[in-house]
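Coordinates from upload10.cif are shown below (mmCIF, C-alpha atoms).
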data_input
#
loop_
_atom_site.label_atom_id
_atom_site.label_comp_id
_atom_site.auth_asym_id
_atom_site.auth_seq_id
_atom_site.Cartn_x
_atom_site.Cartn_y
_atom_site.Cartn_z
CA MET A 1 -80.11 -22.10 -161.84
CA ASN A 2 -82.04 -21.37 -158.65
CA SER A 3 -82.56 -17.79 -157.56
CA ASP A 4 -80.06 -17.92 -154.66
CA THR A 5 -77.26 -19.21 -156.89
CA GLU A 6 -78.15 -16.60 -159.45
CA LEU A 7 -78.05 -13.77 -156.88
CA ALA A 8 -74.73 -15.08 -155.51
CA GLN A 9 -73.29 -15.09 -159.03
CA TRP A 10 -74.46 -11.53 -159.69
CA ARG A 11 -73.04 -10.51 -156.32
CA ARG A 12 -69.66 -11.99 -157.22
CA GLN A 13 -69.61 -10.19 -160.55
CA TRP A 14 -70.76 -6.97 -158.95
CA GLN A 15 -68.25 -6.97 -156.12
CA ARG A 16 -65.29 -7.78 -158.38
CA ALA A 17 -65.69 -4.41 -160.04
CA SER A 18 -63.11 -2.25 -158.35
CA ASP A 19 -61.20 0.95 -158.84
CA ALA A 20 -58.14 0.18 -156.80
CA ARG A 21 -55.91 1.72 -159.44
CA ASN A 22 -57.03 5.27 -158.69
CA ASP A 23 -57.14 5.12 -154.89
CA THR A 24 -54.56 7.80 -154.12
CA ASP A 25 -55.83 10.19 -156.77
CA SER A 26 -59.45 9.88 -155.74
CA VAL A 27 -58.73 10.31 -152.03
CA GLU A 28 -56.83 13.49 -152.85
CA ALA A 29 -59.67 14.63 -155.13
CA LEU A 30 -62.18 13.95 -152.33
CA LYS A 31 -60.12 15.95 -149.85
CA ARG A 32 -59.88 18.86 -152.30
CA HIS A 33 -63.62 18.67 -152.98
CA VAL A 34 -64.55 18.64 -149.29
CA THR A 35 -62.15 21.51 -148.50
CA ARG A 36 -63.44 23.60 -151.41
CA ASN A 37 -67.07 22.95 -150.54
CA SER A 38 -66.65 23.67 -146.85
CA ARG A 39 -64.99 26.97 -147.77
CA LEU A 40 -67.87 27.81 -150.12
CA LEU A 41 -70.38 26.90 -147.40
CA LYS A 42 -68.70 29.26 -144.95
CA ILE A 43 -68.61 32.04 -147.56
CA GLY A 44 -72.27 31.40 -148.33
CA LEU A 45 -73.15 31.83 -144.66
CA ILE A 46 -70.97 34.86 -143.97
CA ALA A 47 -71.40 36.80 -147.24
CA PRO A 48 -75.05 37.92 -146.73
CA ILE A 49 -74.22 39.10 -143.19
CA LEU A 50 -71.18 41.06 -144.41
CA VAL A 51 -73.18 42.61 -147.28
CA THR A 52 -75.95 43.61 -144.85
CA ILE A 53 -73.48 45.19 -142.43
CA GLY A 54 -71.48 46.84 -145.23
CA ILE A 55 -74.34 48.36 -147.24
CA GLY A 56 -76.63 49.00 -144.26
CA GLY A 57 -73.79 50.54 -142.23
CA ALA A 58 -72.54 52.74 -145.07
CA ILE A 59 -76.02 54.06 -145.82
CA ILE A 60 -76.65 54.88 -142.14
CA ALA A 61 -73.25 56.58 -141.85
CA ARG A 62 -74.09 58.68 -144.90
CA ALA A 63 -77.50 59.67 -143.47
CA LEU A 64 -75.97 60.57 -140.10
CA THR A 65 -73.15 62.68 -141.53
CA SER A 66 -75.24 64.62 -144.07
CA ALA A 67 -78.53 64.67 -142.08
CA ALA A 68 -80.27 65.49 -145.38
CA PRO A 69 -83.92 64.25 -145.56
CA ALA A 70 -83.21 62.50 -148.87
CA ASP A 71 -80.38 60.50 -147.31
CA VAL A 72 -82.47 59.64 -144.26
CA LEU A 73 -85.25 58.48 -146.61
CA LEU A 74 -82.76 56.35 -148.57
CA ALA A 75 -81.34 54.83 -145.36
CA THR A 76 -84.84 54.02 -144.10
CA GLU A 77 -85.83 52.42 -147.39
CA VAL A 78 -82.60 50.40 -147.61
CA TRP A 79 -83.12 49.01 -144.11
CA VAL A 80 -86.75 48.16 -144.91
CA PHE A 81 -85.44 46.41 -148.03
CA ILE A 82 -82.82 44.52 -145.97
CA LEU A 83 -85.45 43.46 -143.43
CA VAL A 84 -87.90 42.35 -146.12
CA THR A 85 -85.10 40.40 -147.84
CA TRP A 86 -84.02 38.61 -144.66
CA VAL A 87 -87.52 37.87 -143.38
CA GLY A 88 -88.67 36.79 -146.86
CA SER A 89 -85.63 34.52 -147.37
CA ILE A 90 -86.03 32.86 -143.98
CA TRP A 91 -89.78 32.44 -144.54
CA ILE A 92 -89.29 30.91 -147.98
CA ALA A 93 -86.54 28.55 -146.74
CA ARG A 94 -88.53 27.29 -143.75
CA GLY A 95 -88.63 23.52 -143.45
CA THR A 96 -85.79 22.96 -145.92
CA ARG A 97 -82.88 22.86 -143.49
CA ARG A 98 -83.50 19.61 -141.63
CA PRO A 99 -80.15 18.00 -140.93
CA LEU A 100 -80.68 14.39 -141.95
CA ALA A 101 -83.61 12.57 -143.46
CA LYS A 102 -83.87 9.02 -142.18
CA THR A 103 -85.60 7.54 -145.17
CA THR A 104 -85.30 8.03 -148.90
CA THR A 105 -88.85 9.30 -149.26
CA ALA A 106 -88.21 11.83 -146.47
CA PHE A 107 -85.00 12.91 -148.21
CA ILE A 108 -86.83 13.33 -151.51
CA ASP A 109 -89.56 15.25 -149.69
CA ILE A 110 -86.95 17.72 -148.42
CA SER A 111 -85.41 17.95 -151.90
CA ILE A 112 -88.87 18.74 -153.31
CA ARG A 113 -89.35 21.43 -150.65
CA ARG A 114 -85.94 22.89 -151.53
CA CYS A 115 -86.82 22.99 -155.21
CA ARG A 116 -90.14 24.72 -154.52
CA SER A 117 -88.41 27.08 -152.12
CA ASN A 118 -85.82 27.94 -154.80
CA LEU A 119 -88.60 28.69 -157.28
CA ARG A 120 -90.35 30.97 -154.80
CA ALA A 121 -87.02 32.63 -153.94
CA ALA A 122 -86.37 33.34 -157.64
CA SER A 123 -89.73 35.11 -157.98
CA PHE A 124 -89.26 36.94 -154.69
CA GLY A 125 -85.76 38.06 -155.76
CA ALA A 126 -87.09 39.36 -159.08
CA TRP A 127 -89.73 41.49 -157.34
CA LEU A 128 -87.15 42.83 -154.88
CA TYR A 129 -84.73 43.70 -157.68
CA VAL A 130 -87.33 45.60 -159.70
CA CYS A 131 -88.78 47.41 -156.66
CA GLN A 132 -85.36 48.46 -155.40
CA LEU A 133 -84.22 49.62 -158.83
CA LEU A 134 -87.39 51.71 -159.29
CA PHE A 135 -87.09 53.21 -155.80
CA VAL A 136 -83.43 54.18 -156.28
CA MET A 137 -84.20 55.75 -159.68
CA LEU A 138 -87.12 57.76 -158.24
CA TRP A 139 -85.04 58.74 -155.22
CA ARG A 140 -82.19 59.95 -157.46
CA PHE A 141 -84.62 61.78 -159.76
CA PHE A 142 -86.34 63.71 -156.97
CA SER A 143 -83.39 64.17 -154.60
CA SER A 144 -80.90 65.58 -157.09
CA ALA A 145 -83.27 67.18 -159.63
CA ILE A 146 -81.52 65.35 -162.44
CA GLU A 147 -83.04 65.37 -165.93
CA LEU A 148 -84.79 62.17 -166.95
CA THR A 149 -82.52 61.61 -169.97
CA ALA A 150 -79.42 62.15 -167.86
CA LEU A 151 -80.76 59.76 -165.23
CA LEU A 152 -81.57 57.07 -167.76
CA THR A 153 -78.12 57.31 -169.33
CA SER A 154 -76.19 57.56 -166.06
CA TRP A 155 -73.80 54.63 -165.56
CA PRO A 156 -75.57 53.10 -162.50
CA VAL A 157 -78.89 52.98 -164.39
CA VAL A 158 -77.21 51.63 -167.53
CA LEU A 159 -75.36 48.99 -165.51
CA LEU A 160 -78.13 47.92 -163.11
CA GLY A 161 -81.11 48.69 -165.36
CA TRP A 162 -80.43 48.43 -169.08
CA VAL A 163 -77.83 45.71 -168.72
CA GLY A 164 -78.63 44.28 -165.28
CA VAL A 165 -82.37 43.68 -165.79
CA PRO A 166 -82.07 41.54 -168.97
CA VAL A 167 -79.10 39.63 -167.52
CA PHE A 168 -80.90 39.12 -164.21
CA PHE A 169 -84.15 37.94 -165.80
CA ALA A 170 -82.38 35.71 -168.33
CA SER A 171 -80.42 33.96 -165.58
CA ARG A 172 -83.55 33.76 -163.43
CA SER A 173 -85.45 32.18 -166.31
CA TRP A 174 -82.64 29.62 -166.88
CA PHE A 175 -82.49 28.85 -163.15
CA MET A 176 -86.27 28.42 -162.89
CA ARG A 177 -86.38 26.14 -165.92
CA ALA A 178 -83.66 23.94 -164.40
CA GLN A 179 -85.43 23.91 -161.03
CA ARG A 180 -88.80 23.00 -162.60
CA ALA A 181 -87.17 20.15 -164.52
CA GLU A 182 -85.53 18.91 -161.31
CA LEU A 183 -88.82 19.26 -159.44
CA ASP A 184 -90.63 17.20 -162.10
CA ARG A 185 -88.02 14.43 -161.81
CA LEU A 186 -88.16 14.50 -158.02
CA LEU A 187 -91.96 14.24 -158.07
CA ASP A 188 -91.67 11.36 -160.52
CA LEU A 189 -89.13 9.61 -158.25
CA ASP A 190 -91.36 10.27 -155.25
CA ARG A 191 -94.31 8.66 -157.05
CA GLN A 192 -92.17 5.65 -158.01
CA LEU A 193 -90.79 5.13 -154.52
CA ARG A 194 -94.10 5.64 -152.73
CA ALA A 195 -95.95 3.34 -155.10
CA GLY A 196 -94.80 0.22 -153.19
CA PRO A 197 -94.86 -3.34 -154.45
CA ALA A 198 -98.65 -3.63 -154.56
CA ASP A 199 -98.94 -0.80 -157.09
CA GLU A 200 -96.13 -1.91 -159.34
CA VAL A 201 -96.78 -3.26 -162.77
CA MET B 1 -63.40 5.32 -145.99
CA GLY B 2 -63.66 1.53 -145.68
CA ASN B 3 -66.80 1.41 -147.81
CA ARG B 4 -65.31 3.42 -150.65
CA ALA B 5 -65.22 0.62 -153.25
CA ALA B 6 -68.84 -0.22 -152.46
CA LEU B 7 -69.81 3.45 -152.67
CA ARG B 8 -68.13 3.73 -156.06
CA ARG B 9 -70.10 0.71 -157.28
CA LEU B 10 -73.30 2.18 -155.88
CA ALA B 11 -72.60 5.53 -157.57
CA GLY B 12 -71.70 3.70 -160.77
CA SER B 13 -75.15 2.14 -160.95
CA PHE B 14 -76.77 5.60 -160.88
CA THR B 15 -74.49 7.29 -163.42
CA ARG B 16 -73.59 6.70 -167.02
CA SER B 17 -69.89 7.53 -167.17
CA ALA B 18 -66.77 7.31 -165.02
CA SER B 19 -66.56 11.09 -164.64
CA ASP B 20 -70.23 11.31 -163.60
CA ARG B 21 -69.63 8.52 -161.10
CA ASP B 22 -66.59 10.30 -159.64
CA ASP B 23 -68.61 13.51 -159.29
CA LEU B 24 -71.34 11.60 -157.51
CA VAL B 25 -68.81 9.93 -155.19
CA GLN B 26 -67.53 13.40 -154.30
CA GLU B 27 -71.09 14.58 -153.62
CA ILE B 28 -71.57 11.54 -151.37
CA ALA B 29 -68.33 12.29 -149.52
CA MET B 30 -69.49 15.86 -148.97
CA ALA B 31 -72.91 14.70 -147.75
CA LEU B 32 -71.25 12.24 -145.37
CA TRP B 33 -68.93 14.92 -144.05
CA ARG B 34 -71.94 17.15 -143.34
CA ALA B 35 -74.05 14.37 -141.85
CA LEU B 36 -71.42 12.76 -139.61
CA PRO B 37 -72.02 15.10 -136.64
CA SER B 38 -75.64 13.89 -136.57
CA PHE B 39 -74.65 10.20 -136.35
CA ARG B 40 -75.93 8.99 -132.97
CA GLY B 41 -75.06 5.33 -133.33
CA ASP B 42 -78.71 4.24 -133.62
CA CYS B 43 -77.76 2.09 -136.61
CA SER B 44 -74.51 0.52 -137.85
CA GLU B 45 -71.95 2.78 -139.47
CA ARG B 46 -72.37 0.89 -142.75
CA THR B 47 -76.16 1.47 -142.71
CA PHE B 48 -75.62 5.16 -141.96
CA VAL B 49 -73.06 5.56 -144.76
CA PHE B 50 -75.23 3.70 -147.25
CA ARG B 51 -78.35 5.63 -146.26
CA ILE B 52 -76.63 8.95 -146.99
CA ALA B 53 -75.05 7.59 -150.18
CA HIS B 54 -78.27 6.03 -151.36
CA ASN B 55 -80.25 9.24 -150.78
CA ARG B 56 -77.63 11.19 -152.73
CA CYS B 57 -77.77 8.65 -155.58
CA ILE B 58 -81.56 8.76 -155.76
CA THR B 59 -81.64 12.55 -155.93
CA HIS B 60 -78.83 12.45 -158.50
CA LEU B 61 -81.45 10.92 -160.80
CA SER B 62 -83.41 14.17 -160.49
CA LYS B 63 -80.48 16.32 -161.60
CA ARG B 64 -80.50 14.97 -165.12
CA ARG B 65 -82.07 12.26 -167.18
CA VAL B 66 -79.78 9.29 -166.70
CA THR B 67 -79.72 7.12 -169.77
CA VAL B 68 -77.71 4.02 -170.41
CA SER B 69 -74.57 4.43 -172.44
CA LEU B 70 -72.67 1.20 -172.78
CA GLU B 71 -69.81 2.88 -174.60
CA GLU B 72 -69.07 5.04 -171.59
CA ASN B 73 -69.08 2.22 -169.03
CA GLU B 74 -65.79 1.83 -167.25
CA ILE B 75 -65.22 -1.02 -164.87
CA ASP B 76 -61.74 -2.01 -163.89
CA VAL B 77 -60.74 -5.66 -163.71
CA GLU B 78 -59.41 -6.57 -160.30
CA ASP B 79 -57.57 -9.85 -160.91
CA PRO B 80 -54.27 -9.24 -162.74
CA ASN B 81 -53.52 -12.99 -163.05
CA ALA B 82 -56.57 -13.92 -165.06
CA THR B 83 -55.93 -14.66 -168.70
CA ALA B 84 -56.87 -12.01 -171.20
CA GLU B 85 -59.81 -14.01 -172.57
CA VAL B 86 -61.24 -14.83 -169.17
CA ALA B 87 -60.76 -11.27 -168.01
CA LEU B 88 -62.47 -9.96 -171.14
CA ALA B 89 -65.39 -12.35 -170.74
CA GLU B 90 -65.76 -11.42 -167.07
CA GLU B 91 -65.59 -7.75 -167.87
CA GLN B 92 -68.26 -8.14 -170.53
CA GLU B 93 -70.48 -9.98 -168.04
CA ARG B 94 -70.01 -7.22 -165.49
CA GLU B 95 -70.75 -4.57 -168.08
CA ARG B 96 -73.90 -6.43 -169.06
CA LEU B 97 -74.97 -6.65 -165.42
CA LEU B 98 -74.22 -2.98 -164.74
CA ALA B 99 -76.03 -1.86 -167.89
CA ALA B 100 -79.07 -3.95 -166.96
CA ILE B 101 -79.07 -2.56 -163.41
CA ARG B 102 -78.92 0.98 -164.80
CA GLU B 103 -82.03 0.24 -166.83
CA LEU B 104 -84.06 -0.79 -163.78
CA PRO B 105 -86.52 1.74 -162.36
CA ALA B 106 -85.27 3.48 -159.19
CA ILE B 107 -87.61 1.46 -156.97
CA HIS B 108 -85.97 -1.81 -158.13
CA ARG B 109 -82.45 -0.53 -158.56
CA GLU B 110 -82.13 0.69 -154.99
CA VAL B 111 -82.84 -2.71 -153.42
CA ILE B 112 -80.93 -4.87 -155.88
CA VAL B 113 -77.76 -2.78 -155.62
CA LEU B 114 -77.80 -2.97 -151.82
CA ALA B 115 -78.46 -6.72 -151.98
CA LEU B 116 -75.52 -7.13 -154.36
CA GLU B 117 -73.37 -5.35 -151.80
CA GLY B 118 -74.22 -8.21 -149.43
CA MET B 119 -76.66 -6.35 -147.20
CA GLU B 120 -79.25 -8.26 -145.18
CA TYR B 121 -82.97 -7.49 -145.53
CA GLN B 122 -82.95 -5.57 -142.22
CA GLU B 123 -80.05 -3.38 -143.36
CA ILE B 124 -81.70 -2.69 -146.73
CA ALA B 125 -84.94 -1.84 -144.91
CA ASP B 126 -83.02 0.63 -142.70
CA VAL B 127 -81.27 2.26 -145.64
CA VAL B 128 -84.29 2.57 -147.91
CA GLY B 129 -86.86 3.21 -145.19
CA ILE B 130 -89.30 0.40 -145.92
CA SER B 131 -90.32 -2.74 -144.01
CA GLU B 132 -88.35 -5.99 -144.22
CA SER B 133 -91.23 -7.81 -145.90
CA ASN B 134 -91.45 -5.00 -148.43
CA VAL B 135 -87.73 -5.45 -149.13
CA GLY B 136 -88.36 -9.13 -149.85
CA VAL B 137 -91.17 -8.38 -152.30
CA ARG B 138 -89.23 -5.63 -154.03
CA LEU B 139 -86.09 -7.72 -154.25
CA ASN B 140 -87.93 -10.62 -155.87
CA ARG B 141 -89.46 -8.33 -158.46
CA SER B 142 -86.14 -6.60 -159.03
CA ARG B 143 -84.47 -9.96 -159.65
CA GLU B 144 -87.15 -10.96 -162.12
CA ARG B 145 -86.76 -7.70 -164.00
CA LEU B 146 -82.99 -7.92 -163.92
CA LYS B 147 -83.08 -11.48 -165.24
CA LYS B 148 -85.37 -10.38 -168.05
CA LEU B 149 -83.12 -7.45 -168.95
CA LEU B 150 -80.03 -9.67 -168.91
CA LYS B 151 -81.75 -12.17 -171.22
CA GLU B 152 -82.62 -9.38 -173.63
CA ARG B 153 -78.99 -8.33 -173.65
CA SER B 154 -77.46 -11.80 -174.17
#
As structure tokens:
Amino acid sequence: MNSDTELAQWRRQWQRASDARNDTDSVEALKRHVTRNSRLLKIGLIAPILVTIGIGGAIIARALTSAAPADVLLATEVWVFILVTWVGSIWIARGTRRPLAKTTTAFIDISIRRCRSNLRAASFGAWLYVCQLLFVMLWRFFSSAIELTALLTSWPVVLLGWVGVPVFFASRSWFMRAQRAELDRLLDLDRQLRAGPADEV
Amino acid sequence: MGNRAALRRLAGSFTRSASDRDDLVQEIAMALWRALPSFRGDCSERTFVFRIAHNRCITHLSKRRVTVSLEENEIDVEDPNATAEVALAEEQERERLLAAIRELPAIHREVIVLALEGMEYQEIADVVGISESNVGVRLNRSRERLKKLLKERS
């Protein structure tokens, strides 16, 4: 059998595989998937802005109404935190939002950048979480003259510190492991695809 | 979605089960939906659709280790008039072909699958992002590997 006949035969076999039976179901599933994902995308874009306005606005309102130095200090720190978070996030995500890669290697390159960016974001987020938690605890300790034991057993510290820190770091560790594994596979794919025919075995 | 059957076949060559393939087809649909506004008509619609789908399939390989699982293969037989024996034999042949394609390295799989969809060298070159002559070299090597794998499986 010559190679053209062989390819034509494979092509026939390949193209006869069909899933006509599930057409209606899968179109409906696709529509549901696209609708759900577009909703999630919108939420993902709007949520950080709403959180910034909500928390930042509430903290400023509190500082303005009480005019207490401790509240002004808290408002200042929270806005510094918000600014650092936004600037840091945008900085880390730079170069990962190109709309459409024209070639596979370019697409993989963006995927690699996204993976690396996610890894950096996970570390950045961990530092932010710890710094903010420590600041709020110190602020509460000095602003309300609370006893250390009472502070450490208060429900916000129990929730965000004793429970929140292990949960946060466990999920961060799981996320980073998954991202590293994905990054390794992407780098491997990138090597394979860039190798070109001359380098193949 | 005129290319849907072809996209399902493409996704099927990068996944190991019907449910994985359906998930990947949904990912492709989502990627197409997002990318459509950027389509400027500088290539054919088929090339554009396949480029997006192909990129999604390639990165799907990075999400998990894709191994071959013949037991989970699901290909539906199209011709309802064929006799049971012929249909079974054809299905087995298709399964063998699909399993062999799934075993190919990504660099070979990407060109052979597009060639099996009936794409010309120029179209494959546009989708994959390599030169036409490179497509020819890769396709020849992919065919050799595929033939070898099919022999091992017969």
Which residues of chain B have any atom within 8 Å of an atom in chain A when counting only C-alpha atoms, and what is the closest pair of atoms for each, with the distance in Å to one decimal? Order the rows by chain and rising number and write it as a Markdown table.
| residue | atom | partner | partner_atom | distance |
| --- | --- | --- | --- | --- |
| B:Ala5 | CA | A:Ser18 | CA | 6.2 |
| B:Ala6 | CA | A:Gln15 | CA | 7.7 |
| B:Arg8 | CA | A:Asp19 | CA | 8.0 |
| B:Arg9 | CA | A:Ala17 | CA | 7.3 |
| B:Gln26 | CA | A:Leu30 | CA | 5.7 |
| B:Ala29 | CA | A:Leu30 | CA | 7.0 |
| B:Met30 | CA | A:Val34 | CA | 5.7 |
| B:Trp33 | CA | A:Val34 | CA | 7.8 |
| B:Ala35 | CA | A:Leu100 | CA | 6.6 |
| B:Ser38 | CA | A:Leu100 | CA | 7.4 |
| B:Arg51 | CA | A:Thr103 | CA | 7.6 |
| B:His54 | CA | A:Thr104 | CA | 7.7 |
| B:Asn55 | CA | A:Thr104 | CA | 5.5 |
| B:Ile58 | CA | A:Thr104 | CA | 7.8 |
| B:Thr59 | CA | A:Ile108 | CA | 6.9 |
| B:Leu61 | CA | A:Arg185 | CA | 7.5 |
| B:Ser62 | CA | A:Arg185 | CA | 4.8 |
| B:Lys63 | CA | A:Glu182 | CA | 5.7 |
| B:Arg64 | CA | A:Glu182 | CA | 7.4 |
| B:Ile75 | CA | A:Ala17 | CA | 5.9 |
| B:Asp76 | CA | A:Ser18 | CA | 5.7 |
| B:Val77 | CA | A:Ala17 | CA | 6.3 |
| B:Glu78 | CA | A:Ser18 | CA | 6.0 |
| B:Glu90 | CA | A:Gln13 | CA | 7.7 |
| B:Glu93 | CA | A:Gln13 | CA | 7.5 |
| B:Arg94 | CA | A:Gln13 | CA | 5.8 |
| B:Leu97 | CA | A:Trp10 | CA | 7.5 |
| B:Leu98 | CA | A:Trp14 | CA | 7.8 |
| B:Ala106 | CA | A:Leu189 | CA | 7.3 |
| B:Ile107 | CA | A:Leu193 | CA | 5.4 |
| B:Ala115 | CA | A:Arg11 | CA | 7.9 |
| B:Leu116 | CA | A:Arg11 | CA | 4.6 |
| B:Glu117 | CA | A:Arg11 | CA | 6.9 |
| B:Gly118 | CA | A:Arg11 | CA | 7.4 |
| B:Asp126 | CA | A:Thr103 | CA | 7.8 |
| B:Val127 | CA | A:Thr103 | CA | 6.8 |
| B:Val128 | CA | A:Thr104 | CA | 5.6 |
| B:Gly129 | CA | A:Thr103 | CA | 4.5 |
| B:Asn134 | CA | A:Pro197 | CA | 7.1 |
| B:Val137 | CA | A:Pro197 | CA | 6.6 |
| B:Arg138 | CA | A:Pro197 | CA | 6.1 |
| B:Arg143 | CA | A:Leu7 | CA | 8.0 |
Around the point (-83.9, -4.7, -144.3), in the coordinates given by the file, pick out the residues reaching within 9 Å, counting all atoms listed in the file, and return them as a short mmCIF file (atom, residue, chain, number, x, y, z; two decimals) with C-alpha atoms, in the coordinates of the input.
data_model
loop_
_atom_site.label_atom_id
_atom_site.label_comp_id
_atom_site.auth_asym_id
_atom_site.auth_seq_id
_atom_site.Cartn_x
_atom_site.Cartn_y
_atom_site.Cartn_z
CA MET B 119 -76.66 -6.35 -147.20
CA GLU B 120 -79.25 -8.26 -145.18
CA TYR B 121 -82.97 -7.49 -145.53
CA GLN B 122 -82.95 -5.57 -142.22
CA GLU B 123 -80.05 -3.38 -143.36
CA ILE B 124 -81.70 -2.69 -146.73
CA ALA B 125 -84.94 -1.84 -144.91
CA ASP B 126 -83.02 0.63 -142.70
CA VAL B 127 -81.27 2.26 -145.64
CA VAL B 128 -84.29 2.57 -147.91
CA GLY B 129 -86.86 3.21 -145.19
CA ILE B 130 -89.30 0.40 -145.92
CA SER B 131 -90.32 -2.74 -144.01
CA GLU B 132 -88.35 -5.99 -144.22
CA SER B 133 -91.23 -7.81 -145.90
CA ASN B 134 -91.45 -5.00 -148.43
CA VAL B 135 -87.73 -5.45 -149.13
CA GLY B 136 -88.36 -9.13 -149.85
#
Given the PyMOL selection byres ((chain A and resi 85-93) around 8), the residues it picks as a PyMOL selection string: chain A and resi 81-84+94-97+114+117+120-121+124+128
Counting all atoms listed in the file, figure out which residue out of A:Asp4, A:Met137, A:Gly57, A:Cys131 gets nearest to A:Thr149. A:Met137
In Å, how far is it from atom CA of A:Leu151 to atom CA of A:Ala58? 22.9 Å
Of the residues B:Cys57, B:Val86, B:Ile28, B:Leu150, which is the one nearest to B:Val113, using all atoms listed in the file? B:Cys57
The PyMOL selection byres ((chain A and resi 75) around 10) applied to the shown file, residues as a JSON list (two decimals) with C-alpha atoms, keeping the file's coordinate frame:
[["chain", "number", "residue", "atom", "x", "y", "z"],
["A", 55, "ILE", "CA", -74.34, 48.36, -147.24],
["A", 56, "GLY", "CA", -76.63, 49.00, -144.26],
["A", 57, "GLY", "CA", -73.79, 50.54, -142.23],
["A", 58, "ALA", "CA", -72.54, 52.74, -145.07],
["A", 59, "ILE", "CA", -76.02, 54.06, -145.82],
["A", 60, "ILE", "CA", -76.65, 54.88, -142.14],
["A", 61, "ALA", "CA", -73.25, 56.58, -141.85],
["A", 62, "ARG", "CA", -74.09, 58.68, -144.90],
["A", 63, "ALA", "CA", -77.50, 59.67, -143.47],
["A", 64, "LEU", "CA", -75.97, 60.57, -140.10],
["A", 69, "PRO", "CA", -83.92, 64.25, -145.56],
["A", 70, "ALA", "CA", -83.21, 62.50, -148.87],
["A", 71, "ASP", "CA", -80.38, 60.50, -147.31],
["A", 72, "VAL", "CA", -82.47, 59.64, -144.26],
["A", 73, "LEU", "CA", -85.25, 58.48, -146.61],
["A", 74, "LEU", "CA", -82.76, 56.35, -148.57],
["A", 76, "THR", "CA", -84.84, 54.02, -144.10],
["A", 77, "GLU", "CA", -85.83, 52.42, -147.39],
["A", 78, "VAL", "CA", -82.60, 50.40, -147.61],
["A", 79, "TRP", "CA", -83.12, 49.01, -144.11],
["A", 80, "VAL", "CA", -86.75, 48.16, -144.91],
["A", 81, "PHE", "CA", -85.44, 46.41, -148.03]]
Between atom CA of B:Thr15 and atom CA of B:Lys147, what is the distance, to one decimal in Å? 20.7 Å
Quick check, in Å to one decimal: how far apart do atom CA of B:Leu104 and atom CA of B:Ser142 lie? 7.8 Å
Expanded to explicit residues, what is the PyMOL selection byres ((chain B and resi 154) around 12) for this file, as an mmCIF file with C-alpha atoms, in the coordinates of the input?
data_model
loop_
_atom_site.group_PDB
_atom_site.id
_atom_site.type_symbol
_atom_site.label_atom_id
_atom_site.label_comp_id
_atom_site.auth_asym_id
_atom_site.auth_seq_id
_atom_site.Cartn_x
_atom_site.Cartn_y
_atom_site.Cartn_z
ATOM 1 C CA GLN B 92 -68.260 -8.140 -170.530
ATOM 2 C CA GLU B 93 -70.480 -9.980 -168.040
ATOM 3 C CA GLU B 95 -70.750 -4.570 -168.080
ATOM 4 C CA ARG B 96 -73.900 -6.430 -169.060
ATOM 5 C CA LEU B 97 -74.970 -6.650 -165.420
ATOM 6 C CA ALA B 99 -76.030 -1.860 -167.890
ATOM 7 C CA ALA B 100 -79.070 -3.950 -166.960
ATOM 8 C CA LYS B 147 -83.080 -11.480 -165.240
ATOM 9 C CA LYS B 148 -85.370 -10.380 -168.050
ATOM 10 C CA LEU B 149 -83.120 -7.450 -168.950
ATOM 11 C CA LEU B 150 -80.030 -9.670 -168.910
ATOM 12 C CA LYS B 151 -81.750 -12.170 -171.220
ATOM 13 C CA GLU B 152 -82.620 -9.380 -173.630
ATOM 14 C CA ARG B 153 -78.990 -8.330 -173.650
#
